[in-house]
$ cat entry38.txt   # compact mmCIF, C-alpha atoms
# COMPACT_ATOMS: atom_id res chain seq x y z
CA MET L 1 -29.53 4.89 -14.39
CA GLN L 2 -28.58 1.24 -13.82
CA GLU L 3 -29.35 0.34 -17.43
CA LYS L 4 -27.01 3.09 -18.73
CA LEU L 5 -24.11 1.85 -16.61
CA ILE L 6 -24.75 -1.81 -17.47
CA ALA L 7 -24.93 -0.91 -21.18
CA GLY L 8 -21.49 0.71 -20.98
CA LEU L 9 -20.05 -2.25 -19.12
CA THR L 10 -21.66 -4.65 -21.60
CA SER L 11 -19.79 -3.06 -24.52
CA SER L 12 -16.54 -3.54 -22.59
CA TYR L 13 -17.10 -7.11 -21.39
CA GLY L 14 -17.26 -9.10 -24.59
CA SER L 15 -16.37 -12.44 -23.03
CA LEU L 16 -18.85 -15.02 -21.83
CA LEU L 17 -17.49 -14.61 -18.28
CA GLY L 18 -18.07 -10.86 -18.52
CA GLN L 19 -21.64 -11.29 -19.65
CA GLN L 20 -22.33 -13.78 -16.86
CA TYR L 21 -20.88 -11.31 -14.39
CA LEU L 22 -23.15 -8.47 -15.57
CA LYS L 23 -26.21 -10.70 -15.45
CA TRP L 24 -25.30 -11.70 -11.90
CA LEU L 25 -24.56 -8.11 -10.88
CA LYS L 26 -27.98 -6.69 -11.73
CA MET L 27 -30.05 -9.49 -10.19
CA PRO L 28 -31.96 -8.83 -8.06
CA PRO L 29 -32.27 -5.14 -9.02
CA SER L 30 -32.42 -4.00 -5.37
CA TYR L 31 -28.80 -5.13 -4.84
CA LEU L 32 -27.33 -2.59 -7.32
CA ARG L 33 -28.79 0.91 -7.13
CA VAL L 34 -27.38 3.59 -9.43
CA MET L 35 -28.59 7.08 -8.50
CA GLN L 36 -26.56 9.18 -10.96
CA SER L 37 -26.00 8.87 -14.69
CA ILE L 38 -22.62 7.21 -15.28
CA ASP L 39 -20.78 6.45 -18.51
CA TYR L 40 -18.38 3.54 -18.61
CA ARG L 41 -15.52 3.75 -21.09
CA LYS L 42 -12.53 2.02 -19.52
CA GLY L 43 -13.31 3.83 -16.30
CA MET L 44 -16.24 5.50 -14.59
CA TYR L 45 -17.25 8.96 -15.88
CA ALA L 46 -20.02 11.33 -14.80
CA ALA L 47 -22.66 11.73 -17.53
CA GLN L 48 -24.26 14.63 -15.66
CA GLN L 49 -23.35 17.09 -12.93
CA ILE L 50 -23.18 15.42 -9.51
CA LYS L 51 -23.35 17.63 -6.43
CA ALA L 52 -21.16 17.16 -3.37
CA ASN L 53 -22.33 14.43 -0.96
CA GLN L 54 -24.87 13.02 -3.41
CA GLN L 55 -25.02 9.23 -3.49
CA ILE L 56 -23.81 7.82 -6.80
CA MET L 57 -24.28 4.10 -6.33
CA LEU L 58 -25.17 1.52 -3.69
CA ILE L 59 -24.02 -2.10 -3.90
CA SER L 60 -25.40 -4.60 -1.43
CA THR L 61 -22.85 -6.45 0.70
CA GLU L 62 -24.77 -9.56 -0.38
CA LYS L 63 -22.86 -9.11 -3.66
CA CYS L 64 -19.49 -8.91 -1.89
CA PHE L 65 -16.87 -11.16 -0.36
CA THR L 66 -16.18 -10.09 3.23
CA SER L 67 -13.98 -11.04 6.17
CA VAL L 68 -17.09 -11.40 8.35
CA GLU L 69 -18.65 -14.52 6.87
CA PHE L 70 -18.03 -17.23 4.28
CA VAL L 71 -20.42 -16.94 1.33
CA GLY L 72 -22.10 -20.23 0.42
CA CYS L 73 -20.58 -22.13 3.33
CA ASP L 74 -22.32 -24.01 6.15
CA THR L 75 -21.69 -23.02 9.78
CA ARG L 76 -19.42 -25.95 10.58
CA LYS L 77 -17.16 -25.44 7.58
CA SER L 78 -17.16 -21.69 8.14
CA GLN L 79 -15.90 -22.13 11.72
CA GLU L 80 -13.23 -24.57 10.53
CA LEU L 81 -11.91 -22.14 7.89
CA GLN L 82 -12.07 -19.23 10.36
CA THR L 83 -9.89 -21.24 12.76
CA ILE L 84 -7.40 -22.13 10.01
CA ALA L 85 -7.10 -18.49 8.88
CA SER L 86 -6.62 -17.24 12.45
CA GLN L 87 -3.99 -19.85 13.29
CA ILE L 88 -1.99 -19.14 10.13
CA ALA L 89 -2.11 -15.38 10.75
CA HIS L 90 -0.97 -15.85 14.36
CA LYS L 91 1.92 -18.09 13.30
CA ILE L 92 3.11 -15.75 10.52
CA CYS L 93 2.59 -12.41 12.29
CA GLY L 94 3.58 -13.36 15.83
CA GLY L 95 2.43 -10.79 18.35
CA LYS L 96 1.52 -8.10 15.83
CA VAL L 97 -2.21 -7.98 16.50
CA GLU L 98 -3.13 -5.52 13.73
CA GLN L 99 -1.19 -7.54 11.17
CA GLN L 100 -2.85 -10.73 12.39
CA TYR L 101 -6.28 -9.19 11.90
CA LEU L 102 -5.42 -8.10 8.36
CA VAL L 103 -3.91 -11.45 7.31
CA THR L 104 -6.84 -13.39 8.84
CA GLY L 105 -9.35 -11.38 6.80
CA LEU L 106 -7.22 -11.60 3.68
CA LEU L 107 -7.00 -15.40 3.92
CA LYS L 108 -10.74 -15.73 4.54
CA ILE L 109 -11.53 -13.77 1.38
CA ILE L 110 -8.87 -15.57 -0.68
CA MET L 111 -10.36 -18.95 0.25
CA GLN L 112 -13.86 -17.76 -0.68
CA VAL L 113 -12.78 -16.37 -4.06
CA PHE L 114 -10.84 -19.55 -4.85
CA VAL L 115 -13.76 -21.86 -4.06
CA HIS L 116 -16.21 -19.73 -6.08
CA GLN L 117 -13.81 -19.72 -9.03
CA LYS L 118 -13.59 -23.51 -8.98
CA ASP L 119 -17.27 -24.28 -8.41
CA GLN L 120 -19.40 -22.50 -10.99
CA SER L 121 -22.61 -23.55 -9.21
CA LEU L 122 -21.88 -21.25 -6.24
CA THR L 123 -23.64 -17.90 -5.98
CA HIS L 124 -20.65 -15.58 -6.39
CA SER L 125 -18.72 -17.51 -9.05
CA PRO L 126 -19.44 -14.90 -11.82
CA PHE L 127 -17.87 -12.22 -9.59
CA ALA L 128 -14.98 -14.44 -8.48
CA ASN L 129 -14.11 -15.16 -12.12
CA MET L 130 -13.75 -11.41 -12.79
CA ILE L 131 -11.33 -10.77 -9.91
CA GLN L 132 -7.97 -10.50 -11.64
CA SER L 133 -4.47 -9.87 -10.30
CA PRO L 134 -2.89 -6.52 -11.25
CA ASN L 135 0.49 -6.58 -12.95
CA THR L 136 2.77 -5.97 -9.96
CA PRO L 137 6.48 -6.77 -9.41
CA LEU L 138 5.48 -10.05 -7.72
CA LEU L 139 4.57 -11.38 -11.17
CA TRP L 140 7.38 -9.78 -13.20
CA PRO L 141 9.44 -12.15 -15.38
CA GLN L 142 12.94 -13.00 -14.21
CA THR L 143 14.48 -11.00 -17.07
CA VAL L 144 13.02 -7.83 -15.50
CA ILE L 145 13.82 -8.87 -11.91
CA ASP L 146 17.49 -9.24 -12.93
CA LEU L 147 17.60 -5.55 -13.91
CA ILE L 148 16.48 -4.25 -10.51
CA SER L 149 19.04 -1.94 -8.91
CA SER L 150 16.71 -0.68 -6.19
CA ARG L 151 17.53 -2.52 -2.97
CA ASN L 152 14.26 -1.28 -1.51
CA LEU L 153 12.14 -2.70 -4.34
CA ALA L 154 14.10 -5.96 -4.33
CA SER L 155 13.55 -6.24 -0.56
CA LEU L 156 9.80 -5.56 -0.88
CA ILE L 157 9.46 -8.23 -3.57
CA GLU L 158 11.49 -10.80 -1.65
CA GLY L 159 9.69 -10.13 1.65
CA THR L 160 6.20 -10.31 0.12
CA LEU L 161 7.00 -13.48 -1.80
CA LEU L 162 8.32 -15.12 1.36
CA GLN L 163 5.16 -14.12 3.24
CA CYS L 164 2.98 -15.55 0.46
CA GLN L 165 4.97 -18.77 0.39
CA SER L 166 4.63 -19.10 4.18
CA MET L 167 0.85 -18.61 3.99
CA TYR L 168 0.58 -21.13 1.16
CA ASN L 169 2.68 -23.70 3.01
CA GLU L 170 0.53 -23.32 6.12
CA LEU L 171 -2.63 -23.78 4.05
CA GLN L 172 -1.20 -27.02 2.70
CA LEU L 173 -0.34 -28.20 6.22
CA SER L 174 -3.92 -27.36 7.23
CA LYS L 175 -5.14 -29.60 4.38
CA VAL L 176 -6.60 -26.76 2.33
CA TYR L 177 -5.77 -28.23 -1.05
CA GLY L 178 -6.65 -27.52 -4.66
CA LEU L 179 -4.60 -24.47 -5.59
CA THR L 180 -0.98 -24.16 -6.67
CA ALA L 181 1.55 -21.73 -5.20
CA LEU L 182 1.24 -19.52 -8.30
CA GLU L 183 -2.56 -19.53 -8.09
CA PHE L 184 -2.34 -18.50 -4.44
CA LEU L 185 0.09 -15.68 -5.28
CA LYS L 186 -2.26 -14.34 -7.97
CA LEU L 187 -5.24 -14.56 -5.61
CA PHE L 188 -3.26 -12.80 -2.89
CA GLN L 189 -2.44 -10.00 -5.33
CA ALA L 190 -5.99 -9.76 -6.68
CA VAL L 191 -7.69 -9.69 -3.29
CA ARG L 192 -5.20 -7.29 -1.72
CA ALA L 193 -5.61 -4.87 -4.64
CA SER L 194 -9.43 -5.06 -4.48
CA LEU L 195 -9.76 -4.77 -0.70
CA ILE L 196 -11.72 -1.88 0.79
CA CYS L 197 -12.14 -1.17 4.48
CA PHE L 198 -14.79 1.57 4.71
CA ASN L 199 -12.53 4.43 5.66
CA SER L 200 -14.38 7.24 3.91
CA GLN L 201 -11.30 9.32 3.12
CA LYS L 202 -8.96 6.44 2.30
CA PRO L 203 -11.17 3.47 1.42
CA LYS L 204 -8.32 1.01 1.03
CA TYR L 205 -6.65 2.08 4.28
CA PHE L 206 -6.67 -0.66 6.91
CA ASP L 207 -7.35 -0.30 10.62
CA MET L 208 -8.51 -2.64 13.35
CA GLN L 209 -12.07 -1.30 13.32
CA SER L 210 -12.62 -1.99 9.63
CA VAL L 211 -14.45 -4.80 7.88
CA GLN L 212 -12.53 -6.07 4.87
CA ILE L 213 -14.62 -6.29 1.73
CA VAL L 214 -14.06 -7.11 -1.94
CA CYS L 215 -16.87 -5.39 -3.81
CA PRO L 216 -17.95 -5.43 -7.48
CA LEU L 217 -17.15 -2.33 -9.57
CA VAL L 218 -14.72 -0.79 -7.04
CA TYR L 219 -11.77 -1.55 -9.29
CA GLN L 220 -13.43 0.54 -12.02
CA PHE L 221 -12.74 3.70 -9.98
CA ASP L 222 -9.26 5.08 -10.64
CA HIS L 223 -6.95 6.35 -7.91
CA SER L 224 -6.37 10.00 -7.03
CA PHE L 225 -4.82 11.75 -4.04
CA ASP L 226 -7.52 14.39 -4.55
CA PRO L 227 -10.52 12.16 -5.32
CA ASN L 228 -14.00 13.35 -6.22
CA CYS L 229 -15.70 10.28 -4.68
CA TYR L 230 -15.51 8.33 -1.46
CA LEU L 231 -16.68 4.94 -0.27
CA ASP L 232 -18.42 4.18 2.96
CA GLY L 233 -20.70 1.59 4.47
CA CYS L 234 -24.36 2.21 5.13
CA TYR L 235 -27.16 0.18 6.70
CA LEU L 236 -30.79 0.64 5.69
CA SER L 237 -32.70 -0.52 8.75
CA HIS L 238 -36.10 -0.53 7.05
CA GLU L 239 -34.74 -3.07 4.54
CA ASN L 240 -32.35 -4.81 6.92
CA MET L 241 -29.61 -4.53 4.27
CA SER L 242 -26.02 -3.25 4.28
CA PHE L 243 -24.47 -1.50 1.29
CA VAL L 244 -21.19 -0.19 -0.04
CA ASP L 245 -22.00 3.49 -0.60
CA PHE L 246 -20.31 5.38 -3.48
CA SER L 247 -20.85 9.13 -2.94
CA ALA L 248 -19.49 12.39 -4.37
CA LYS L 249 -16.90 14.08 -2.18
CA LYS L 250 -17.24 17.34 -4.13
CA GLN L 251 -19.13 18.62 -7.14
CA ILE L 252 -18.39 16.57 -10.26
CA GLU L 253 -18.90 17.96 -13.75
CA PRO L 254 -20.13 15.98 -16.79
CA GLY L 255 -17.26 14.07 -18.40
CA ASP L 256 -15.12 13.99 -15.22
CA LYS L 257 -13.62 10.62 -14.32
CA LEU L 258 -14.83 9.26 -10.98
CA THR L 259 -11.93 8.61 -8.60
CA ILE L 260 -11.27 7.39 -5.07
CA ASN L 261 -8.14 7.54 -2.93
CA TYR L 262 -6.45 4.14 -2.60
CA GLY L 263 -4.42 5.65 0.26
CA ASN L 264 -1.67 8.22 0.70
CA LEU L 265 0.94 5.74 -0.48
CA SER L 266 4.37 6.03 -2.05
CA ASN L 267 4.89 4.73 -5.59
CA HIS L 268 6.62 1.69 -4.09
CA ASP L 269 3.43 0.74 -2.25
CA LEU L 270 1.08 1.66 -5.11
CA LEU L 271 3.14 -0.46 -7.51
CA MET L 272 3.39 -3.44 -5.16
CA ARG L 273 -0.33 -3.42 -4.25
CA HIS L 274 -2.10 -2.08 -7.32
CA GLY L 275 0.40 -2.12 -10.20
CA ILE L 276 0.16 1.67 -10.66
CA MET L 277 2.30 4.75 -10.02
CA VAL L 278 1.60 8.47 -9.78
CA ASP L 279 3.71 11.18 -11.42
CA ASP L 280 5.30 13.59 -8.90
CA ASN L 281 3.94 11.54 -6.01
CA PRO L 282 4.27 13.75 -2.87
CA TYR L 283 4.32 10.67 -0.62
CA ASN L 284 7.40 9.11 -2.17
CA GLU L 285 10.10 8.09 0.25
CA MET L 286 13.10 5.82 0.12
CA PRO L 287 14.75 3.75 2.86
CA ILE L 288 18.52 4.01 2.85
CA ASP L 289 21.06 1.89 4.73
CA LEU L 290 23.64 4.13 6.44
CA ASP L 291 27.20 2.87 6.84
CA PHE L 292 28.80 4.00 10.12
CA THR L 293 32.00 1.93 9.82
CA THR L 294 34.14 4.97 8.95
CA ALA L 295 32.65 7.02 11.80
CA ILE L 296 32.85 4.44 14.58
CA ASN L 297 35.26 6.56 16.64
CA TYR L 298 32.46 9.05 17.36
CA THR L 299 30.47 6.35 19.16
CA GLU L 300 32.76 6.27 22.20
CA GLN L 301 32.93 10.02 22.68
CA LEU L 302 30.34 11.17 25.28
CA PHE L 303 28.76 7.70 25.05
CA ASP L 304 26.59 7.92 28.20
CA GLN L 305 25.43 11.46 27.49
CA LYS L 306 24.59 10.64 23.86
CA GLN L 307 22.62 7.58 24.93
CA LYS L 308 20.63 9.74 27.33
CA TRP L 309 19.72 12.14 24.51
CA LEU L 310 19.03 9.44 21.94
CA ARG L 311 16.57 7.66 24.23
CA GLN L 312 14.34 10.70 23.67
CA SER L 313 14.48 10.17 19.90
CA GLU L 314 11.77 8.31 17.97
CA ILE L 315 14.44 6.58 15.88
CA THR L 316 14.87 2.91 16.73
CA ASN L 317 17.19 1.81 13.91
CA ILE L 318 19.65 4.49 12.89
CA GLU L 319 21.29 2.30 10.26
CA ARG L 320 18.10 2.21 8.15
CA GLN L 321 16.43 5.56 7.60
CA SER L 322 14.04 7.12 5.07
CA LEU L 323 14.74 9.98 2.72
CA PHE L 324 11.89 12.03 1.24
CA THR L 325 11.21 13.72 -2.09
CA ASN L 326 10.39 17.24 -0.98
CA LYS L 327 11.38 17.44 2.67
CA ILE L 328 14.28 16.57 4.93
CA ASN L 329 14.18 13.82 7.53
CA VAL L 330 14.61 16.19 10.48
CA GLN L 331 14.74 13.36 13.03
CA LEU L 332 17.68 11.83 11.18
CA LEU L 333 19.41 15.21 11.03
CA GLN L 334 18.94 15.68 14.78
CA TYR L 335 20.23 12.17 15.48
CA LEU L 336 23.36 12.67 13.38
CA ARG L 337 24.16 15.99 15.06
CA ILE L 338 24.15 14.14 18.39
CA TYR L 339 26.16 11.23 17.01
CA PHE L 340 28.93 13.46 15.62
CA LEU L 341 29.18 15.72 18.68
CA THR L 342 32.76 15.72 20.01
CA GLU L 343 33.98 16.10 23.58
CA GLN L 344 35.68 19.36 22.63
CA GLU L 345 32.44 20.85 21.28
CA TYR L 346 30.47 19.72 24.32
CA SER L 347 32.99 21.29 26.68
CA LYS L 348 32.38 24.63 24.95
CA ASN L 349 28.60 24.26 25.31
CA PRO L 350 27.80 21.98 28.29
CA HIS L 351 24.18 23.14 28.49
CA LEU L 352 23.11 21.35 25.31
CA GLU L 353 19.82 19.45 25.55
CA PHE L 354 18.08 17.02 23.19
CA ASN L 355 16.04 19.77 21.52
CA SER L 356 19.19 21.85 21.00
CA PHE L 357 20.10 19.54 18.11
CA GLN L 358 17.07 20.60 16.09
CA GLU L 359 19.32 23.48 15.05
CA LYS L 360 22.94 23.62 13.98
CA VAL L 361 25.21 23.32 17.05
CA SER L 362 28.49 24.24 15.33
CA GLU L 363 30.10 24.55 11.91
CA GLU L 364 32.40 21.61 12.64
CA ASN L 365 29.52 19.34 13.66
CA GLU L 366 27.44 20.32 10.64
CA LEU L 367 30.37 19.58 8.33
CA LEU L 368 30.74 16.05 9.74
CA VAL L 369 27.02 15.37 9.24
CA LYS L 370 27.18 16.77 5.72
CA GLN L 371 30.22 14.69 4.70
CA PHE L 372 28.71 11.52 6.19
CA MET L 373 25.41 11.87 4.34
CA ILE L 374 26.99 12.92 1.03
CA GLN L 375 29.22 9.84 1.04
CA ASN L 376 26.34 7.49 1.89
CA ILE L 377 24.05 8.95 -0.77
CA LYS L 378 26.80 8.77 -3.42
CA ASN L 379 27.46 5.14 -2.50
CA VAL L 380 23.79 4.27 -3.10
CA LEU L 381 23.59 6.26 -6.34
CA SER L 382 26.58 4.35 -7.72
CA THR L 383 24.66 1.05 -7.53
CA TYR L 384 21.94 1.94 -10.06
CA LYS L 385 21.95 0.37 -13.51
CA GLN L 386 20.87 2.38 -16.51
CA ILE L 387 17.77 1.04 -18.30
CA SER L 388 17.83 2.25 -21.87
CA LYS L 389 14.65 2.59 -23.95
CA PRO L 390 12.33 0.66 -21.60
CA ILE L 391 9.75 -1.27 -23.63
CA GLY L 392 6.74 -2.93 -22.03
CA LYS L 393 4.92 -2.07 -18.80
CA GLU L 394 7.26 -3.99 -16.47
CA LEU L 395 10.42 -2.26 -17.70
CA GLN L 396 8.69 1.12 -17.80
CA ASP L 397 7.52 0.66 -14.19
CA LEU L 398 11.00 -0.42 -13.12
CA TYR L 399 12.53 2.58 -14.91
CA LYS L 400 10.10 4.96 -13.21
CA ILE L 401 10.48 3.54 -9.70
CA GLN L 402 14.27 3.73 -9.96
CA LYS L 403 14.04 7.23 -11.40
CA ASP L 404 11.88 8.22 -8.40
CA GLU L 405 14.51 6.87 -6.03
CA MET L 406 17.36 8.63 -7.84
CA THR L 407 15.39 11.89 -7.70
CA ILE L 408 15.03 11.52 -3.92
CA LEU L 409 18.75 10.80 -3.60
CA GLN L 410 19.71 13.75 -5.81
CA ASN L 411 17.39 16.12 -3.91
CA ASN L 412 18.93 15.08 -0.60
CA LEU L 413 22.43 15.25 -2.05
CA THR L 414 21.74 18.83 -3.11
CA PHE L 415 20.49 19.70 0.38
CA PHE L 416 23.48 18.22 2.20
CA SER L 417 25.90 19.77 -0.29
CA LYS L 418 24.76 23.28 0.61
$ encode --input "entry38.txt" --output "structure tokens"
Amino acid sequence: MQEKLIAGLTSSYGSLLGQQYLKWLKMPPSYLRVMQSIDYRKGMYAAQQIKANQQIMLISTEKCFTSVEFVGCDTRKSQELQTIASQIAHKICGGKVEQQYLVTGLLKIIMQVFVHQKDQSLTHSPFANMIQSPNTPLLWPQTVIDLISSRNLASLIEGTLLQCQSMYNELQLSKVYGLTALEFLKLFQAVRASLICFNSQKPKYFDMQSVQIVCPLVYQFDHSFDPNCYLDGCYLSHENMSFVDFSAKKQIEPGDKLTINYGNLSNHDLLMRHGIMVDDNPYNEMPIDLDFTTAINYTEQLFDQKQKWLRQSEITNIERQSLFTNKINVQLLQYLRIYFLTEQEYSKNPHLEFNSFQEKVSEENELLVKQFMIQNIKNVLSTYKQISKPIGKELQDLYKIQKDEMTILQNNLTFFSK
């Protein structure tokens, strides 16, 4: 089984680096165990029927970069780098503990990959050399960046670049030298895209209980919201070895592509992290900035009563809300019904409670909400630039992400126009 997979990979990796990687991957044989027949042709395909829950492949964590330990590093240096990563994460993320944990692990793996890329004598250098950054908006040329109309995408790019620059600057202050800002950005992209966290249903989903791992061959599995495979961790006590376990989630027929779920992410997140998008993505959403300047007079009416109701709402920032592709933001609708309630309407119905606003309270109130949202959506729609005949992946991705946003806006415009 292993020989069949390696043979397929060999025909794909024509470079010297690719051949070195394959040689490293299959030695010793116990570290890569292929239980099912797999074809490789620019992706993983089943060469035979695979039943649900059957193991497909095991890869030893000895072949991985992890956030637990530094590969090829002595104890003293390992502790020093651990301290540096933790301090940088704390400084950048403040009191956000979960974010600190993620950034600490990310930095630890980035430093390992970088060192193994630079020093070809280290054990994992063949793997490190194969870890490549996906083509995401962080690496788009300025000519494409200048065409962005999406404020959300522009904000994501700017925020991520600032975070990367902050991490890089802190590494320099900590005397971790040797890589340029661009090299760090590419490593950040590559590691973040390759990261798995052993959540069996969403293997790239992060939580505080997870161990962050960059594992060979994972990037060969394409993404699907309805995957036929899952990843998990397993420990074989009789061998005292840990593995990344690739197993079938359901029955797979010969010729089917093997897929995993990168996470139930919107196209914005898939594009920023992995450089991919999904047609008709059900998880698409779009933040929109609401302008209340023309409706400020409704703030003073019933101010104390409205504040009492709104404290029960889960909304913390009314001026920035999300719109969805195939559903309405019901919390926003409830909030706006409260906001536009007038003293006259309340006097007619003084028994209104917070939950009362889940339904229409009056025709007049509903009309105010409708007019407010229609105007805000139209204002955002008017800011988009038309991209004609997009050529090249960057422009095509930009065209698609902006088309997704305009679809969300049009769907919501249709709803509020009814």
$ closest_residue --input "entry38.txt" --among "L:Pro227, L:Gly178, L:Pro287, L:Gly233" --to "L:Tyr262" --atoms "all atoms listed in the file"
L:Pro227
$ atom_distance --input "entry38.txt" --atom1 "atom CA of L:Thr259" --atom2 "atom CA of L:His116"
28.8 Å
$ atom_distance --input "entry38.txt" --atom1 "atom CA of L:Gln396" --atom2 "atom CA of L:Met277"
10.7 Å
$ atom_distance --input "entry38.txt" --atom1 "atom CA of L:Met406" --atom2 "atom CA of L:Leu336"
22.4 Å
$ closest_residue --input "entry38.txt" --among "L:Lys348, L:Asn297, L:Gln371, L:Gln163" --to "L:Cys93" --atoms "all atoms listed in the file"
L:Gln163
$ closest_residue --input "entry38.txt" --among "L:Glu405, L:Glu158, L:Asp226, L:Glu239" --to "L:Met286" --atoms "only C-alpha atoms"
L:Glu405
$ residues_around --input "entry38.txt" --residues "L:Asn281" --least-positions-apart "6" --cutoff "10 Å" --atoms "all atoms listed in the file" --output "number ranges by chain"
L: 225, 264-267, 325-326, 404
$ closest_residue --input "entry38.txt" --among "L:Ser356, L:Asn135, L:Gln172, L:Ser78" --to "L:Trp309" --atoms "all atoms listed in the file"
L:Ser356
